[in-house]
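File shown: target.cif (mmCIF, C-alpha atoms).
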data_protein
loop_
_atom_site.label_atom_id
_atom_site.label_comp_id
_atom_site.auth_asym_id
_atom_site.auth_seq_id
_atom_site.Cartn_x
_atom_site.Cartn_y
_atom_site.Cartn_z
CA MET A 26 14.35 2.48 4.79
CA THR A 27 15.24 5.04 2.18
CA ALA A 28 12.91 7.71 0.84
CA GLN A 29 11.26 6.28 -2.26
CA LEU A 30 11.03 7.69 -5.77
CA SER A 31 7.53 8.93 -6.44
CA ASP A 32 5.44 8.52 -9.56
CA SER A 33 4.62 11.68 -11.54
CA LEU A 34 1.29 13.23 -12.45
CA ARG A 35 0.62 15.75 -15.22
CA TYR A 36 -2.28 17.86 -14.14
CA GLU A 37 -3.46 21.32 -15.17
CA GLY A 38 -0.17 22.21 -16.84
CA GLU A 39 2.06 21.04 -14.00
CA THR A 40 4.02 17.87 -13.41
CA LEU A 41 3.58 16.88 -9.77
CA ARG A 42 5.19 14.27 -7.55
CA LEU A 43 2.59 11.59 -6.99
CA PHE A 44 2.84 9.72 -3.70
CA THR A 45 0.03 7.29 -4.38
CA LEU A 46 0.68 4.21 -6.48
CA PRO A 47 -2.35 3.29 -8.60
CA LEU A 48 -0.27 0.83 -10.59
CA ASN A 49 0.25 -1.27 -7.46
CA THR A 50 -3.52 -1.46 -7.15
CA TYR A 51 -3.64 -2.69 -10.73
CA TRP A 52 -1.04 -5.41 -10.05
CA ASN A 53 -3.01 -6.55 -7.02
CA MET A 54 -6.30 -6.62 -8.88
CA ALA A 55 -4.85 -8.25 -11.98
CA SER A 56 -3.35 -11.06 -9.95
CA ALA A 57 -6.76 -12.05 -8.56
CA ALA A 58 -7.96 -15.45 -9.68
CA ASN A 59 -4.65 -16.15 -11.42
CA ASN A 60 -4.09 -19.52 -9.69
CA ASN A 61 -0.32 -19.25 -10.15
CA ASP A 62 -0.70 -18.80 -13.88
CA ASP A 63 2.86 -18.06 -15.07
CA ASP A 64 1.59 -15.78 -17.81
CA SER A 65 -0.43 -13.52 -15.54
CA PRO A 66 0.43 -9.80 -15.60
CA GLU A 67 1.75 -10.09 -12.04
CA LYS A 68 4.24 -12.78 -13.03
CA ARG A 69 5.34 -11.04 -16.24
CA ARG A 70 6.82 -8.22 -14.19
CA ASP A 71 10.51 -9.01 -13.99
CA PHE A 72 12.09 -5.61 -13.46
CA ALA A 73 15.77 -5.08 -12.72
CA ASP A 74 16.76 -3.74 -9.33
CA VAL A 75 17.07 0.04 -9.28
CA GLY A 76 18.31 0.67 -5.78
CA THR A 77 17.03 1.07 -2.26
CA TRP A 78 15.38 4.35 -3.26
CA CYS A 79 12.89 2.47 -5.48
CA TRP A 80 11.92 -0.88 -4.00
CA ARG A 81 9.10 -1.30 -6.52
CA ARG A 82 11.67 -1.17 -9.37
CA HIS A 83 9.59 1.10 -11.55
CA THR A 84 8.05 4.54 -11.65
CA ALA A 85 4.98 5.55 -13.61
CA LEU A 86 3.84 8.71 -15.35
CA TRP A 87 0.17 9.62 -15.01
CA ALA A 88 -2.05 12.34 -16.42
CA ILE A 89 -5.48 13.68 -15.64
CA GLU A 90 -7.31 14.86 -18.74
CA GLN A 91 -10.98 15.68 -19.10
CA GLY A 92 -11.49 14.51 -15.55
CA HIS A 93 -10.10 11.03 -16.17
CA LEU A 94 -6.94 9.43 -14.80
CA TYR A 95 -4.57 7.93 -17.35
CA LEU A 96 -1.38 5.96 -17.14
CA ILE A 97 0.83 7.39 -19.90
CA GLY A 98 4.24 5.90 -19.19
CA ILE A 99 6.18 3.37 -17.20
CA HIS A 100 9.89 3.65 -16.46
CA ALA A 101 11.54 0.33 -15.73
CA THR A 102 14.15 -1.99 -17.16
CA TYR A 103 13.75 -5.75 -17.34
CA GLU A 104 16.44 -7.97 -15.92
CA ASP A 105 17.48 -8.85 -19.48
CA GLY A 106 18.11 -5.15 -20.19
CA GLY A 107 14.97 -4.43 -22.21
CA LYS A 108 12.92 -1.34 -21.50
CA ALA A 109 9.43 -1.83 -20.15
CA MET A 110 6.60 -0.43 -22.26
CA LEU A 111 2.97 0.20 -21.49
CA GLU A 112 1.99 -2.31 -24.15
CA ASP A 113 3.74 -5.10 -22.24
CA PHE A 114 0.96 -4.87 -19.69
CA PHE A 115 -1.80 -3.22 -21.67
CA PRO A 116 -1.67 -4.74 -25.17
CA GLY A 117 -3.07 -2.40 -27.82
CA TYR A 118 -2.62 0.67 -25.60
CA PRO A 119 0.93 1.93 -26.10
CA ASN A 120 0.40 5.57 -25.13
CA ARG A 121 -2.54 5.94 -22.81
CA VAL A 122 -4.39 3.64 -20.45
CA PHE A 123 -7.56 4.67 -18.65
CA ALA A 124 -7.04 3.80 -14.97
CA HIS A 125 -10.63 2.68 -14.38
CA TRP A 126 -9.39 0.29 -11.68
CA TYR A 127 -8.38 3.07 -9.36
CA SER A 128 -10.69 4.45 -6.67
CA GLY A 129 -9.28 6.46 -3.82
CA GLN A 130 -7.31 9.58 -3.10
CA LEU A 131 -4.23 10.64 -5.05
CA ARG A 132 -1.70 12.60 -2.98
CA CYS A 133 0.53 14.95 -4.93
CA SER A 134 3.04 17.41 -3.56
CA ARG A 135 3.68 20.97 -4.69
CA GLY A 136 6.26 23.55 -3.73
CA GLU A 137 9.53 23.36 -1.83
CA LEU A 138 10.74 20.43 0.23
CA LEU A 139 10.36 21.53 3.86
CA GLU A 140 11.42 18.39 5.67
CA TYR A 141 13.24 15.37 4.31
CA VAL A 142 12.15 12.05 5.84
CA HIS A 143 14.41 9.11 5.12
CA ALA A 144 11.54 6.66 4.64
CA GLY A 145 8.88 5.94 2.04
CA PHE A 146 6.92 9.02 1.00
CA GLY A 147 7.21 10.72 4.37
CA SER A 148 8.95 13.94 3.27
CA ARG A 149 7.01 17.17 3.74
CA TYR A 150 6.47 19.67 0.96
CA GLU A 151 4.75 23.06 1.03
CA GLU A 152 1.42 21.75 -0.23
CA ASP A 153 -0.38 18.48 -0.79
CA LEU A 154 -2.95 18.35 -3.54
CA LEU A 155 -5.45 15.59 -2.79
CA ILE A 156 -7.56 14.35 -5.68
CA ASP A 157 -10.48 12.00 -5.08
CA ILE A 158 -10.92 9.42 -7.81
CA ASP A 159 -13.76 7.00 -8.35
CA ARG A 160 -13.19 4.29 -10.93
CA GLY A 161 -10.68 6.46 -12.73
CA VAL A 162 -12.85 9.59 -12.75
CA VAL A 163 -12.01 12.73 -10.75
CA LYS A 164 -14.72 13.52 -8.21
CA ASP A 165 -13.19 16.18 -5.99
CA GLN A 166 -9.92 17.81 -4.98
CA HIS A 167 -8.52 20.01 -2.24
CA VAL A 168 -5.22 21.46 -1.13
CA ILE A 169 -3.52 21.11 2.25
CA ASP A 170 -0.98 23.72 3.30
CA ASN A 171 1.80 21.86 5.11
CA ARG A 172 3.74 24.94 6.22
CA THR A 173 3.98 25.92 9.84
CA GLU A 174 3.23 29.52 10.92
CA SER A 175 6.91 30.40 10.89
CA GLU A 176 7.43 28.84 7.47
CA ARG A 177 4.62 30.96 6.01
CA GLN A 178 6.29 34.22 7.08
CA MET B 9 1.33 -10.90 69.57
CA LYS B 10 -1.20 -13.67 69.74
CA ALA B 11 -2.86 -12.46 66.54
CA LEU B 12 0.54 -12.43 64.84
CA LEU B 13 1.27 -15.99 65.90
CA ILE B 14 -2.16 -17.11 64.71
CA GLY B 15 -1.54 -15.33 61.41
CA VAL B 16 1.84 -17.04 60.96
CA GLY B 17 0.28 -20.36 61.90
CA VAL B 18 -2.50 -19.96 59.35
CA TYR B 19 0.04 -18.91 56.71
CA LEU B 20 2.24 -21.95 57.38
CA LEU B 21 -0.82 -24.20 57.38
CA GLY B 22 -1.66 -22.79 53.97
CA GLY B 23 1.89 -23.63 52.93
CA LEU B 24 1.45 -27.21 54.11
CA VAL B 25 -1.76 -27.53 52.10
CA PHE B 26 0.00 -26.08 49.07
CA ILE B 27 2.91 -28.53 49.46
CA ALA B 28 0.55 -31.46 49.87
CA VAL B 29 -1.36 -30.52 46.71
CA ALA B 30 1.89 -29.95 44.79
CA GLU B 31 3.30 -33.28 45.98
CA VAL B 32 0.19 -35.23 45.02
CA LYS B 33 0.07 -33.51 41.64
CA SER B 34 3.74 -34.17 40.91
CA ARG B 35 3.42 -37.82 41.87
CA LEU B 36 0.44 -38.25 39.59
CA GLN B 37 2.18 -36.51 36.67
CA CYS B 38 5.71 -37.88 37.01
CA LYS B 39 5.29 -41.42 38.24
CA ASP B 40 8.44 -42.72 36.61
CA GLU B 41 10.68 -39.71 36.95
CA VAL B 42 13.51 -39.59 39.42
CA SER B 43 12.62 -37.38 42.38
CA LEU B 44 14.92 -34.93 44.08
CA GLU B 45 17.47 -36.24 46.54
CA ASP B 46 16.13 -36.23 50.08
CA GLU B 47 18.27 -33.30 51.21
CA ASP B 48 17.32 -31.15 48.19
CA SER B 49 13.71 -32.17 48.63
CA TYR B 50 13.63 -30.89 52.20
CA LEU B 51 15.10 -27.54 51.12
CA VAL B 52 12.51 -27.18 48.37
CA TRP B 53 9.63 -28.04 50.71
CA LEU B 54 10.93 -25.65 53.33
CA GLY B 55 11.19 -22.90 50.72
CA LEU B 56 7.67 -23.59 49.55
CA LEU B 57 6.36 -23.63 53.11
CA VAL B 58 7.65 -20.10 53.65
CA LEU B 59 7.18 -18.66 50.17
CA TRP B 60 4.08 -20.47 48.96
CA LEU B 61 2.01 -17.28 48.59
CA PRO B 62 4.58 -15.37 46.42
CA VAL B 63 5.04 -18.56 44.37
CA ILE B 64 1.31 -18.73 43.66
CA ALA B 65 1.20 -14.99 42.90
CA TYR B 66 4.16 -15.37 40.50
CA ALA B 67 2.57 -18.36 38.77
CA LEU B 68 -0.72 -16.46 38.31
CA CYS B 69 1.08 -13.41 36.90
CA GLU B 70 3.03 -15.59 34.49
CA SER B 71 -0.12 -17.28 33.25
CA TRP B 72 -1.82 -13.92 32.70
CA LEU B 73 1.13 -12.19 31.07
CA HIS B 74 2.11 -15.06 28.82
CA LYS B 75 -1.21 -16.30 27.60
CA PRO B 76 -0.75 -18.87 24.85
CA HIS B 77 -0.68 -17.10 21.46
CA VAL B 78 -3.72 -17.95 19.37
CA SER B 79 -2.72 -17.97 15.70
CA PRO B 80 -5.23 -16.35 13.35
CA VAL B 81 -6.95 -18.60 10.89
CA TYR B 82 -5.66 -17.46 7.51
CA ARG B 83 -7.99 -17.67 4.57
CA GLU B 84 -7.35 -17.73 0.85
CA PHE B 85 -9.90 -15.13 -0.20
CA LEU B 86 -10.73 -11.67 1.05
CA ALA B 87 -14.47 -12.21 0.74
CA THR B 88 -16.30 -13.97 3.54
CA PRO B 89 -19.92 -15.13 3.60
CA GLU B 90 -20.65 -12.15 5.89
CA SER B 91 -19.21 -9.68 3.37
CA LEU B 92 -21.54 -10.70 0.53
CA VAL B 93 -23.91 -7.94 -0.55
CA GLN B 94 -26.04 -8.88 -3.53
CA ARG B 95 -26.43 -11.78 -5.89
CA TYR B 96 -25.97 -11.23 -9.65
CA SER B 97 -25.85 -13.29 -12.80
CA LYS B 98 -22.69 -13.48 -14.92
CA GLU B 99 -24.38 -11.39 -17.57
CA GLU B 100 -25.34 -8.67 -15.11
CA VAL B 101 -21.79 -8.42 -13.79
CA ALA B 102 -20.36 -8.30 -17.30
CA GLN B 103 -22.76 -5.49 -18.18
CA MET B 104 -22.01 -3.43 -15.03
CA GLU B 105 -18.24 -3.65 -15.38
CA ILE B 106 -17.79 -2.01 -18.77
CA TYR B 107 -15.96 1.32 -18.69
CA HIS B 108 -15.80 4.31 -21.02
CA ASP B 109 -13.49 7.32 -21.29
CA PRO B 110 -13.16 10.26 -23.71
CA PHE B 111 -10.01 8.91 -25.41
CA GLY B 112 -11.05 5.30 -25.90
CA ALA B 113 -8.20 4.17 -23.69
CA VAL B 114 -9.95 1.14 -22.31
CA PRO B 115 -11.16 -1.96 -24.16
CA PRO B 116 -14.98 -2.14 -24.34
CA VAL B 117 -15.12 -5.50 -22.62
CA PRO B 118 -16.10 -6.51 -19.08
CA PHE B 119 -13.55 -5.28 -16.51
CA GLY B 120 -11.68 -3.28 -19.17
CA HIS B 121 -7.93 -3.65 -18.67
CA LEU B 122 -8.64 -6.37 -16.12
CA HIS B 123 -10.50 -8.46 -18.67
CA GLU B 124 -8.01 -11.34 -18.38
CA ALA B 125 -8.72 -11.55 -14.65
CA TRP B 126 -12.44 -11.68 -15.46
CA LEU B 127 -11.91 -14.47 -17.98
CA ARG B 128 -9.91 -16.46 -15.42
CA PHE B 129 -12.60 -15.84 -12.83
CA ARG B 130 -15.38 -16.84 -15.21
CA GLU B 131 -13.67 -20.15 -15.99
CA HIS B 132 -14.38 -21.23 -12.43
CA VAL B 133 -18.11 -20.53 -12.52
CA GLY B 134 -20.14 -23.75 -12.48
CA SER B 135 -23.86 -24.14 -13.21
CA GLU B 136 -24.75 -24.44 -9.49
CA ASP B 137 -22.49 -21.60 -8.34
CA GLU B 138 -23.67 -18.20 -7.17
CA LEU B 139 -22.12 -14.86 -8.01
CA TRP B 140 -22.23 -12.22 -5.29
CA SER B 141 -20.86 -8.71 -4.93
CA PHE B 142 -18.89 -8.19 -1.73
CA THR B 143 -17.40 -5.36 0.30
CA ILE B 144 -14.85 -5.95 3.02
CA ASP B 145 -12.53 -3.80 5.11
CA THR B 146 -9.18 -5.57 5.08
CA ARG B 147 -7.64 -3.44 7.82
CA ASN B 148 -7.35 -5.21 11.16
CA ASP B 149 -8.46 -8.49 9.60
CA PRO B 150 -6.06 -11.10 11.04
CA GLY B 151 -7.11 -13.73 8.50
CA ILE B 152 -5.64 -11.83 5.55
CA GLU B 153 -2.50 -10.35 7.05
CA ALA B 154 -0.62 -10.00 3.76
CA MET B 155 -3.50 -8.11 2.15
CA SER B 156 -4.43 -5.87 5.06
CA ASN B 157 -3.11 -2.79 3.23
CA TYR B 158 -5.73 -3.12 0.50
CA GLY B 159 -8.16 -0.96 2.51
CA THR B 160 -11.82 -1.43 1.69
CA VAL B 161 -12.13 -3.87 -1.17
CA HIS B 162 -15.14 -4.32 -3.43
CA GLY B 163 -15.54 -7.14 -5.89
CA TYR B 164 -17.41 -10.27 -6.82
CA ALA B 165 -17.18 -13.62 -5.13
CA LEU B 166 -17.98 -17.03 -6.48
CA VAL B 167 -19.93 -18.95 -3.88
CA ARG B 168 -20.21 -22.73 -3.92
CA ASN B 169 -21.97 -24.66 -1.15
CA SER B 170 -22.03 -21.47 0.95
CA ALA B 171 -18.25 -21.06 0.71
CA VAL B 172 -16.24 -18.49 -1.27
CA VAL B 173 -14.18 -20.37 -3.85
CA GLN B 174 -12.97 -17.53 -6.10
CA GLU B 175 -13.06 -13.74 -6.27
CA ILE B 176 -12.34 -10.75 -8.47
CA TYR B 177 -11.84 -7.14 -7.35
CA THR B 178 -13.39 -3.94 -8.67
CA ARG B 179 -12.17 -1.38 -6.11
CA MET B 180 -9.42 -1.16 -3.54
CA GLY B 181 -8.46 1.58 -1.18
#

Reformat the file's structure so that it appears as structure tokens.
Amino acid sequence: MTAQLSDSLRYEGETLRLFTLPLNTYWNMASAANNNDDDSPEKRRDFADVGTWCWRRHTALWAIEQGHLYLIGIHATYEDGGKAMLEDFFPGYPNRVFAHWYSGQLRCSRGELLEYVHAGFGSRYEEDLLIDIDRGVVKDQHVIDNRTESERQ
Amino acid sequence: MKALLIGVGVYLLGGLVFIAVAEVKSRLQCKDEVSLEDEDSYLVWLGLLVLWLPVIAYALCESWLHKPHVSPVYREFLATPESLVQRYSKEEVAQMEIYHDPFGAVPPVPFGHLHEAWLRFREHVGSEDELWSFTIDTRNDPGIEAMSNYGTVHGYALVRNSAVVQEIYTRMG
């Protein structure tokens, strides 16, 4: 399995690689109770293949502002060549969507790549910034230093 | 020497008992099947007479190591009757699941951007049905293999005649 493209998160003036996928949570939750409805959000997703480095066929741009998590962009192309827009999935919200559906920990990386892992989001960067979210609202955050003793010197 | 001979005699007697049991069992099970030719039959019985104990040991090991695989019972919904937490009315749920943010980036309707899922869920609610919140850990749950990466899931379940017939999620992870 190839290393996968991450999402991105704008936070406190930086754009970070985001290795958590809150949009997948949305797809899963939106598909509940759909009873194979062809017009459900899950079924409307018909993205063109990108390559083995992005099995989910899309990446998303997120932002945290005023302590709230927002989806502010989606990068994907439909199989008919059209570009995916936020409004396709969130009608009436073309620029910003409050991610109230997400509860959990966001993992973002900062710094240099220290170890490339040819699978998923397994590569190791200097730091991980972990942000705890509850129903789209930031509750806590902390940083993990991933460097070994020798890498710090 | 005498003890050795007695030991061998007991062992061979055990073999004879084993052969007798095996023969009776095979005759009962395979009444119409063609039996081994006489010469082959003698060789098999002789082999069993000498090796009956290893044969039994091997058969026991096989039965322990290759226990029949019990397939998990897959279910349609994450929620189970055991995972139900508290009963609510439709109105209470609708009230609790309205979200706000500083930029007005969520519709002021129940379940916000998941309002369609709520509407689909609500369509199923009958007058005799019950609405319950639920919490379930999907990890290591063999009945929902495809959804075991959802982590701990919270939501509401529609319960009819004590069975979950529909569900909607509020948290995953």

(request) Go ahead and compute the interatomic distance for CA of Thr84 (chain A) and CA of Gly98 (chain A), in Å to one decimal. (result)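 These two atoms are separated by 8.6 Å.
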
(message) Can you measure CA of Lys98 (chain B) to CA of Ile176 (chain B) for me? One decimal in Å is fine.
(response)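 Separation between CA of Lys98 (chain B) and CA of Ile176 (chain B): 12.5 Å.
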
(message) With the PyMOL selection byres ((chain B) within 10 of (chain A)) as the selection, what would be picked from this file? Answer as a VMD selection string, please.
(response) chain B and resid 85 105 to 115 119 to 132 155 158 to 160 163 173 to 181

(message) Between CA of Ser33 (chain A) and CA of Arg82 (chain A), what is the distance in Å, rounded to a tenth?
(response)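 It comes out at 14.8 Å.
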
(message) Tell me which residues come within 6 Å of (-11.9, -7.3, -1.3), as a PyMOL selection string, counting all atoms listed in the file in the file's coordinates.
(response) chain B and resi 86-87+144+161-163

For C-alpha atoms, I'd like the residues from the last selection saved as an mmCIF file, in the frame of the given file.
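Wrote it out as out05.cif, contents follow:
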data_model
loop_
_atom_site.group_PDB
_atom_site.id
_atom_site.type_symbol
_atom_site.label_atom_id
_atom_site.label_comp_id
_atom_site.auth_asym_id
_atom_site.auth_seq_id
_atom_site.Cartn_x
_atom_site.Cartn_y
_atom_site.Cartn_z
ATOM 1 C CA LEU B 86 -10.730 -11.670 1.050
ATOM 2 C CA ALA B 87 -14.470 -12.210 0.740
ATOM 3 C CA ILE B 144 -14.850 -5.950 3.020
ATOM 4 C CA VAL B 161 -12.130 -3.870 -1.170
ATOM 5 C CA HIS B 162 -15.140 -4.320 -3.430
ATOM 6 C CA GLY B 163 -15.540 -7.140 -5.890
#

(request) Enumerate, as an MDAnalysis selection string, the residues matched when the PyMOL selection byres ((chain A and resi 168) around 7) is run on the file above. (result) chainID A and resid 152:155 167 169:170
